[in-house]
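Enquirer: Pasting in a structure now, in structure tokens, and then I'll have a few things to ask.
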Amino acid sequence: MTSPYAFSAETFKRVQPSEYYRKFLEQDVRPDGRAFSQFRKTILNAGCISTANGSAVVRIGDTTVVCGIKAEVAEPTLDQPAAGYFVPNVELGPLCSAKFRPGPPGDLAQVVSERLRKLSEEYIAFEELCIEPEQAAWVVYADLVCLNHDGNVLDACQLALLAALKNARLPEAQIGEDGIVRAGEAFTRAITIKRPILAATFGLYEGRSLLADPNASEEPLLDSLVTVCVDDAEHLHAVWKSNGGRCSLEQLQRCVELARIRFTELSALLESSAADQ
Amino acid sequence: MDRRRVQGPETSVVPFPLLDDAAPGVVAPPLQAGKRAGGRRPEDMRPIFLRTGLISQASGSAYIEMGRTKVACAVYGPRQIKKQQGFSEQGRLYCEFKFATFACKKRRNHQRDSQEKEFSQVIVQALTPSIRLEKLPKSVVDIYVTVVENDGTASCLAAAITAASTALADAGVEMIDLVAAASLAYQQRRPEGDAPTGENTREAGAADLVLAQMPSLGDVTHLLHRGPVDWAQMSRAVEQCIDVCAKIHAVMVHSLREHSAAEQ
Amino acid sequence: MASFGLVSQVERDFVERGVDVGIRADGRARDDYRPPRVELGLVSQSDGSARCQLGDGTDVLVSVRCELGQADPAADDRGRLAVSVECSPSASQRFEGRGADDLNTELSEAVTRALTGPQSGLNLRQLCIVPGMHCWVLNIDAIVLNYGGNVVDALLIATRAALADTRVPRTVVQEMEDGAMDFEVDDDVENAQPLEHVHNVPLCVTANKIGAGYVLDATLTEELCASARLHVTVNSSGQVCAAQKSGDGAIEPSLLMAMLQAAKEQARRLLEQQDEQIRRHETEIAAKRARGEPVKRPSIFV
């Protein structure tokens, strides 16, 4: 006879999510069967949207992000007359999760967009985007749309962004006497990426366990999230820690190690998808 | 100035093509041996790829590809209606339709413009007759449609209606019948089913038709036609669309069956 | 279209049964249209205006003003139209404040759809002043003064009449020494030109599905009982320019074709009547001018 206080697993997960999670962690495994330092299966598909100059679709587990690059021309700013623009924006709409409401971007979308923009200052060659100093420069709009939000959208966005930039092609453009910019028919010009930088996100549970790539059911239970961005020379470009909660130095070092391993995995993925094109 | 987004320059334009003689408006190529570019007959549609359940967070979802048109649709609900909207005995459908900024040849804004708002209303009107709303008092079913790539606006709208109906079925919302939608463009007095952007132009005489139907009952749930055509052409076009709807219905049923078989 | 007002089940039954046997509350047959009363040239400050009344209920006033504007780079050899429809709060309490926003958007879209695009027939090139730089923008502003059903049809009848009444001020373009073009607007009203091809502008007829049948030109009560609506826009060559269904119900294909057919026939009759009326109006004005009599614009309150 089952005791009246025994619940089914589903009910227990709903009613006591933290307890439910702890029971798995005590056995050194996570509810979806992954090890603590294991990232979810990542799939990358580049160049799938013909209306965009460059595009990529990334799936990390169930989290799906589409990135589309469109290029237009504008006058450069007064304080940077020989530089182009790069405008990344992330759309976390009500389509991808019940947590988001229709309307202008919420907090998470604004934070992710700003982080992508900050990171882009390290690897985008803005001077190469200039067509004619003080007169015309390329504006590269990178819009990311999340189709399914199952946690860790920042990693997926950065990977999609980089893959889309790699396969983006702009036409050769010249400014004429009349001030009108004209472009050729062939799309041959690539966007220079100084060095590839990728992000890896980890979560800390109760200050003790370090979990890689938290999904949407794990994220609300963690006390802090740490994102580490590394490049191909194993240099650190950014470390972000959110959600107040403590993180020891050893844990931080472990994050950087795991991020470097993750980088090698992901850059192999980037290379193979570029080769497929 | 949208303060919540990363800002670019105030205005930006697409560069002109370098050719001096601007190409005259694209004219549809004449039929070669009775077939269009791509080997299709005038009444054929492009092959459809329809899959449900790709958006795990939603109650129901569908992703459709028709040629290069790609549309994703998610359904959340039935949910409680907001207090300000008052009591309603019948449930309501709410739809938000949006082209992704990179989906069309010309970059679109982040905010929804009047065409997207109109399409949102069209989707609601096309689907409402098929849903048993009297079983959902005080509730709203939210439908969110994002077009990832647009290859022909009329066929995009038809794909969106089809995907939305499939997603509603995937979410388990009680309905009388699925709604299938077909589109058609008139090229120089020739009706051609499911036209992509290259074929459909806005030159004088270009017109298109989108028709949504519940194939089992035969009732037309929506009709949207633009452009001047003769009466005879129009009645033939309506019949052609109704035939195509039956074929699309078969595809929808097949994908729903596959998905539920896979789940078990 | 959002319904304004309530209708009881008994009233609904009454209307539906009437439509089944072909009798309507005001004695008309299913296809009968209330004869529209159109008056031209009511608003003296605008470049063209018209008012349309359908029966006792529906009253719509449309005014057209020509304003100077920048040419759209995508269509730099033509002018453009800007349509705005507003439901006045005097027509119904529900139109107060932002209550009528959705309805206004829908009506504006309906009129814009009929007037823009390849089917509109107006010669927009006539509105170009300096290609690529300046053009005339026709601001078409409509107010619904009284809502008695079938407002979309009334709007298009009034708009077409207002466009026929519109006179575009003449412009004189001069080339300056440095190659730039400058222009001057001629203030003399007598030199203003009428719009070309107004007879190509289409009209809309709305068919409402009630029960298992349909009616044309529904009154407010009939609109509230309708499960679906079909707006059919037809031009004077007999071509169907646009068709759109609205409302939450479904229509069987045979009824759909019957509604389209009936609407098309009725539109043809309306177009003929209106063209005749515009011709008469212009002949009268020309005759008055020839006799040297002042041409007094009737006031809206007379």
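Please note that chains go A, B, ... in the order of the structure tokens, that every chain numbers its residues from 1, and that ligands are numbered from 1 in the order shown.
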Could you produce a table of the residues of chain B lying within 9 Å of chain A, with the nearest pair of atoms per residue and their separation in Å rounded to one decimal, using only C-alpha atoms, ordered by chain and increasing residue number, as a tab-separated table?
Expert:
```
residue	atom	partner	partner_atom	distance
B:Asp2	CA	A:Pro104	CA	9.0
B:Arg4	CA	A:Pro105	CA	6.3
B:Arg5	CA	A:Asn89	CA	6.5
B:Val6	CA	A:Asn89	CA	6.2
B:Gln7	CA	A:Val87	CA	6.6
B:Gly8	CA	A:Val87	CA	5.7
B:Pro9	CA	A:Ala74	CA	6.9
B:Glu10	CA	A:Ala74	CA	8.5
B:Thr11	CA	A:Ala74	CA	6.7
B:Ser12	CA	A:Ala74	CA	4.6
B:Val13	CA	A:Val73	CA	5.3
B:Val14	CA	A:Glu72	CA	4.9
B:Pro15	CA	A:Arg182	CA	5.1
B:Phe16	CA	A:Arg182	CA	4.6
B:Pro17	CA	A:Ala183	CA	5.1
B:Leu18	CA	A:Gly184	CA	5.1
B:Leu19	CA	A:Gly184	CA	7.7
B:Leu54	CA	A:Asn148	CA	8.1
B:Ile55	CA	A:Asn148	CA	5.3
B:Ser56	CA	A:Asn148	CA	6.8
B:Gln57	CA	A:Ser97	CA	5.4
B:Ala58	CA	A:Ser97	CA	6.5
B:Arg68	CA	A:Ser50	CA	7.8
B:Lys70	CA	A:Ile49	CA	8.8
B:Ala72	CA	A:Leu147	CA	7.8
B:Cys73	CA	A:Leu95	CA	7.4
B:Ala74	CA	A:Leu95	CA	5.6
B:Val75	CA	A:Leu95	CA	7.8
B:Tyr76	CA	A:Ala98	CA	7.3
B:Glu96	CA	A:Pro102	CA	8.4
B:Ala100	CA	A:Val145	CA	7.5
B:Thr101	CA	A:Asp143	CA	7.0
B:Phe102	CA	A:Ala52	CA	5.5
B:Ala103	CA	A:Thr51	CA	6.0
B:Cys104	CA	A:Thr51	CA	5.8
B:Lys105	CA	A:Thr51	CA	5.4
B:Lys106	CA	A:Thr51	CA	8.5
B:Arg107	CA	A:Lys70	CA	6.9
B:His110	CA	A:Glu91	CA	8.9
B:Gln111	CA	A:Pro104	CA	8.3
B:Ile143	CA	A:Leu95	CA	8.1
B:Tyr144	CA	A:Leu95	CA	5.4
B:Val145	CA	A:Leu95	CA	7.3
B:Thr146	CA	A:Leu95	CA	7.9
B:Val148	CA	A:Ile49	CA	7.8
B:Glu149	CA	A:Ile49	CA	6.2
B:Asn150	CA	A:Thr51	CA	7.6
B:Asp151	CA	A:Thr51	CA	8.4
```
Enquirer: Extract, using only C-alpha atoms, all DNA, RNA and protein residues at most 9 Å from Leu44 of chain A, discarding same-chain residues fewer than 6 positions from it, and format them as an mmCIF file with N, CA, C and O atoms, in the first residue's frame.
Expert:
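Generated output (result.cif):
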```cif
data_model
loop_
_atom_site.group_PDB
_atom_site.id
_atom_site.type_symbol
_atom_site.label_atom_id
_atom_site.label_comp_id
_atom_site.auth_asym_id
_atom_site.auth_seq_id
_atom_site.Cartn_x
_atom_site.Cartn_y
_atom_site.Cartn_z
ATOM 1 N N ALA A 56 22.607 31.297 -39.484
ATOM 2 C CA ALA A 56 22.971 30.047 -38.826
ATOM 3 C C ALA A 56 21.861 29.670 -37.858
ATOM 4 O O ALA A 56 21.200 30.537 -37.296
ATOM 5 N N VAL A 57 21.682 28.358 -37.678
ATOM 6 C CA VAL A 57 20.724 27.864 -36.684
ATOM 7 C C VAL A 57 21.494 26.979 -35.722
ATOM 8 O O VAL A 57 22.234 26.098 -36.149
ATOM 9 N N VAL A 58 21.351 27.219 -34.421
ATOM 10 C CA VAL A 58 22.074 26.439 -33.417
ATOM 11 C C VAL A 58 21.073 25.774 -32.487
ATOM 12 O O VAL A 58 20.109 26.395 -32.069
ATOM 13 N N ARG A 59 21.298 24.486 -32.172
ATOM 14 C CA ARG A 59 20.483 23.818 -31.159
ATOM 15 C C ARG A 59 21.417 23.269 -30.104
ATOM 16 O O ARG A 59 22.261 22.429 -30.418
ATOM 17 N N ILE A 60 21.251 23.755 -28.884
ATOM 18 C CA ILE A 60 21.986 23.167 -27.766
ATOM 19 C C ILE A 60 20.921 22.460 -26.937
ATOM 20 O O ILE A 60 20.144 23.104 -26.227
ATOM 21 N N LEU A 159 27.379 31.340 -30.403
ATOM 22 C CA LEU A 159 27.778 30.384 -31.433
ATOM 23 C C LEU A 159 27.077 30.676 -32.750
ATOM 24 O O LEU A 159 27.693 30.681 -33.825
ATOM 25 N N ALA A 160 25.761 30.956 -32.676
ATOM 26 C CA ALA A 160 25.008 31.241 -33.895
ATOM 27 C C ALA A 160 25.540 32.504 -34.555
ATOM 28 O O ALA A 160 25.691 32.589 -35.783
ATOM 29 N N ALA A 163 28.910 31.772 -36.265
ATOM 30 C CA ALA A 163 28.720 30.947 -37.465
ATOM 31 C C ALA A 163 28.094 31.775 -38.582
ATOM 32 O O ALA A 163 28.477 31.670 -39.748
ATOM 33 N N LEU A 269 33.115 22.077 -34.633
ATOM 34 C CA LEU A 269 31.776 22.150 -35.226
ATOM 35 C C LEU A 269 31.705 23.287 -36.233
ATOM 36 O O LEU A 269 31.166 23.139 -37.336
ATOM 37 N N LEU A 270 32.273 24.442 -35.858
ATOM 38 C CA LEU A 270 32.259 25.604 -36.755
ATOM 39 C C LEU A 270 33.012 25.293 -38.041
ATOM 40 O O LEU A 270 32.554 25.602 -39.135
ATOM 41 N N SER A 273 31.064 22.904 -40.333
ATOM 42 C CA SER A 273 29.909 23.481 -41.012
ATOM 43 C C SER A 273 30.364 24.458 -42.086
ATOM 44 O O SER A 273 29.726 24.582 -43.127
#
```
Enquirer: List the spatial neighbours of segment 234-250 of chain B as a list in words - criterion: any atom at most 7 Å away, only C-alpha atoms, same-chain residues fewer than 2 positions off excluded.
Expert: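 Returned residues: Ala180, Ala181, Ala182, Ser183, Pro191, Leu211, Gln213, Pro215, Val229, Asp230, Trp231, Ala232, Met252, Val253 and His254 of chain B.
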Enquirer: Write out as a CSV table (one decimal) with C-alpha atoms, in the first residue's frame every residue belonging to chain C that has an atom at most 6 Å from any atom of chain B, counting only C-alpha atoms.
Expert:
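Final file, selection.csv:
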```csv
chain,number,residue,atom,x,y,z
C,118,PRO,CA,-2.2,47.9,-59.1
C,119,GLN,CA,-6.0,47.8,-58.8
C,239,GLN,CA,-12.9,43.1,-62.6
C,240,VAL,CA,-12.8,42.0,-59.0
C,241,CYS,CA,-10.0,44.1,-57.4
C,242,ALA,CA,-10.0,42.7,-53.9
C,243,ALA,CA,-12.1,40.3,-51.8
C,244,GLN,CA,-11.8,39.7,-48.1
C,245,LYS,CA,-13.8,37.8,-45.6
C,248,ASP,CA,-15.7,34.5,-37.0
C,249,GLY,CA,-17.8,32.2,-39.1
C,250,ALA,CA,-17.2,29.9,-42.1
C,251,ILE,CA,-18.9,30.0,-45.5
C,252,GLU,CA,-19.6,27.0,-47.8
```
Enquirer: What's the 6 Å shell around segment 51-54 of chain C, counting only C-alpha atoms, without same-chain residues fewer than 2 positions away, as a list of chain:residue names?
Expert: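 Returned residues: C:Arg34, C:Pro36, C:Arg37, C:Val38, C:Glu39, C:Thr58, C:Asp59, C:Val60, C:Leu61, C:Ala158.
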Enquirer: Do you know which residues are at most 6 Å from segment 23-31 of chain C counting only C-alpha atoms, after dropping those on the same chain fewer than 2 positions away, and could you put them as a CSV table (one decimal) with all heavy atoms, in the first residue's frame?
Expert:
```csv
chain,number,residue,atom,x,y,z
C,18,GLY,N,-36.2,35.7,-41.3
C,18,GLY,CA,-36.6,36.6,-42.3
C,18,GLY,C,-35.7,36.4,-43.6
C,18,GLY,O,-36.2,36.4,-44.7
C,19,VAL,N,-34.4,36.3,-43.3
C,19,VAL,CA,-33.5,36.1,-44.4
C,19,VAL,C,-33.8,34.8,-45.2
C,19,VAL,O,-33.7,34.8,-46.4
C,19,VAL,CB,-32.0,36.2,-43.9
C,19,VAL,CG1,-31.1,35.8,-45.0
C,19,VAL,CG2,-31.7,37.6,-43.4
C,21,VAL,N,-36.6,33.4,-45.8
C,21,VAL,CA,-37.7,33.6,-46.7
C,21,VAL,C,-37.5,34.8,-47.6
C,21,VAL,O,-38.4,35.1,-48.4
C,21,VAL,CB,-39.1,33.6,-46.0
C,21,VAL,CG1,-39.4,32.3,-45.6
C,21,VAL,CG2,-39.1,34.6,-44.9
C,215,VAL,N,-27.2,38.7,-47.1
C,215,VAL,CA,-27.9,40.0,-47.4
C,215,VAL,C,-26.8,41.0,-47.8
C,215,VAL,O,-25.7,41.0,-47.4
C,215,VAL,CB,-28.7,40.6,-46.3
C,215,VAL,CG1,-29.8,39.7,-45.9
C,215,VAL,CG2,-27.8,40.9,-45.1
C,216,LEU,N,-27.2,41.9,-48.7
C,216,LEU,CA,-26.3,43.0,-49.1
C,216,LEU,C,-26.7,44.3,-48.3
C,216,LEU,O,-27.9,44.4,-48.0
C,216,LEU,CB,-26.4,43.3,-50.6
C,216,LEU,CG,-26.0,42.2,-51.5
C,216,LEU,CD1,-26.1,42.7,-52.9
C,216,LEU,CD2,-24.5,41.8,-51.3
```
Enquirer: Can you work out the spacing between atom CA of Asp141 of chain C and atom CA of Ala164 of chain C in Å, to one decimal?
Expert: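 Distance reported for this atom pair: 15.0 Å.
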Enquirer: Just the strand (DSSP E) stuff from segment 39-140 of chain C, please, per backbone DSSP, written as a ChimeraX atom specification.
Expert: /C:39-40,48-54,58-70,80-87,128-130,134-140
Enquirer: Report as JSON, numbers by chain all protein, DNA and RNA residues lying within 8 Å of Asn208 of chain C, evaluated on only C-alpha atoms, omitting residues in the same chain fewer than 4 positions from it.
Expert: {"C": [214, 215, 216, 217, 218, 223, 226, 227, 228, 229, 230]}
Enquirer: With N, CA and C atoms retained, could you export that selection as a PDB file, in the first residue's frame?
Expert:
```pdb
ATOM      1  N   TYR C 214     -27.571  35.133 -47.374  1.00  0.00           N
ATOM      2  CA  TYR C 214     -26.766  36.342 -47.242  1.00  0.00           C
ATOM      3  C   TYR C 214     -27.632  37.552 -47.525  1.00  0.00           C
ATOM      4  N   VAL C 215     -27.182  38.744 -47.069  1.00  0.00           N
ATOM      5  CA  VAL C 215     -27.856  39.995 -47.434  1.00  0.00           C
ATOM      6  C   VAL C 215     -26.800  41.011 -47.841  1.00  0.00           C
ATOM      7  N   LEU C 216     -27.197  41.942 -48.703  1.00  0.00           N
ATOM      8  CA  LEU C 216     -26.300  43.029 -49.068  1.00  0.00           C
ATOM      9  C   LEU C 216     -26.723  44.268 -48.291  1.00  0.00           C
ATOM     10  N   ASP C 217     -25.771  45.140 -47.998  1.00  0.00           N
ATOM     11  CA  ASP C 217     -26.067  46.399 -47.315  1.00  0.00           C
ATOM     12  C   ASP C 217     -26.865  46.156 -46.038  1.00  0.00           C
ATOM     13  N   ALA C 218     -26.182  45.575 -45.045  1.00  0.00           N
ATOM     14  CA  ALA C 218     -26.865  45.230 -43.810  1.00  0.00           C
ATOM     15  C   ALA C 218     -27.012  46.446 -42.906  1.00  0.00           C
ATOM     16  N   GLU C 223     -26.029  43.281 -39.098  1.00  0.00           N
ATOM     17  CA  GLU C 223     -24.593  43.012 -38.969  1.00  0.00           C
ATOM     18  C   GLU C 223     -24.297  42.236 -37.696  1.00  0.00           C
ATOM     19  N   ALA C 226     -24.874  38.612 -38.151  1.00  0.00           N
ATOM     20  CA  ALA C 226     -24.140  37.928 -39.219  1.00  0.00           C
ATOM     21  C   ALA C 226     -22.990  37.134 -38.638  1.00  0.00           C
ATOM     22  N   SER C 227     -22.763  35.936 -39.187  1.00  0.00           N
ATOM     23  CA  SER C 227     -21.646  35.138 -38.686  1.00  0.00           C
ATOM     24  C   SER C 227     -20.372  35.422 -39.478  1.00  0.00           C
ATOM     25  N   ALA C 228     -20.510  35.922 -40.699  1.00  0.00           N
ATOM     26  CA  ALA C 228     -19.306  36.222 -41.486  1.00  0.00           C
ATOM     27  C   ALA C 228     -19.658  37.295 -42.501  1.00  0.00           C
ATOM     28  N   ARG C 229     -18.635  37.980 -42.995  1.00  0.00           N
ATOM     29  CA  ARG C 229     -18.838  39.108 -43.899  1.00  0.00           C
ATOM     30  C   ARG C 229     -17.866  38.985 -45.051  1.00  0.00           C
ATOM     31  N   LEU C 230     -18.306  39.348 -46.236  1.00  0.00           N
ATOM     32  CA  LEU C 230     -17.410  39.300 -47.391  1.00  0.00           C
ATOM     33  C   LEU C 230     -17.387  40.684 -48.026  1.00  0.00           C
TER      34      LEU C 230
END
```
Enquirer: Grab the atom CA of Arg257 of chain B to atom CA of Val65 of chain A distance for me, in Å with one decimal place.
Expert: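 So the answer is 27.0 Å.
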Enquirer: What residues in segment 112-296 of chain C get the DSSP label alpha helix (DSSP H)? Please answer as a PyMOL selection string.
Expert: chain C and resi 112-115+151-165+220-225+253-291
Enquirer: Neighbouring residues of Glu218 of chain A were defined as those with any atom within 10 Å, considering only C-alpha atoms; residues of the same chain fewer than 3 positions away were excluded. Please report them as a list in words.
Expert: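 The contact residues come out as Pro17, Ser18, Tyr21, Arg30, Pro31, Asp150, Gly151, Gly203, Tyr205, Leu211, Asp213, Pro214, Asn215, Leu221 and Leu222 of chain A.
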Enquirer: Would you mind exporting the chosen residues as a tab-separated table (two decimals), in the first residue's frame, restricted to C-alpha atoms?
Expert:
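Everything below was put into out24.tsv:
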```tsv
chain	number	residue	atom	x	y	z
A	17	PRO	CA	11.61	21.33	-7.23
A	18	SER	CA	14.68	21.99	-5.11
A	21	TYR	CA	16.92	18.24	-7.83
A	30	ARG	CA	21.32	15.37	-13.24
A	31	PRO	CA	17.61	14.75	-14.01
A	150	ASP	CA	15.42	25.64	-22.71
A	151	GLY	CA	18.13	27.46	-20.76
A	203	GLY	CA	25.70	27.14	-12.81
A	205	TYR	CA	24.12	24.85	-6.90
A	211	LEU	CA	27.01	22.26	-13.40
A	213	ASP	CA	25.07	24.22	-19.46
A	214	PRO	CA	22.03	24.48	-17.15
A	215	ASN	CA	18.68	23.95	-18.83
A	221	LEU	CA	17.26	26.60	-8.75
A	222	LEU	CA	20.88	27.70	-9.11
```
Enquirer: Find, counting only C-alpha atoms, the residue in A:Gly61, A:Gln135, A:Cys130, A:Glu219 that gets nearest to Phe39 of chain A.
Expert: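 Smallest separation from Phe39 of chain A among the options: A:Gly61.
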Enquirer: Just to confirm, what's the straight-line distance from atom CA of Ser88 of chain C to atom CA of Ile81 of chain B in Å (one decimal)?
Expert: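 If I compute the distance from atom CA of Ser88 of chain C to atom CA of Ile81 of chain B, I get 29.5 Å.
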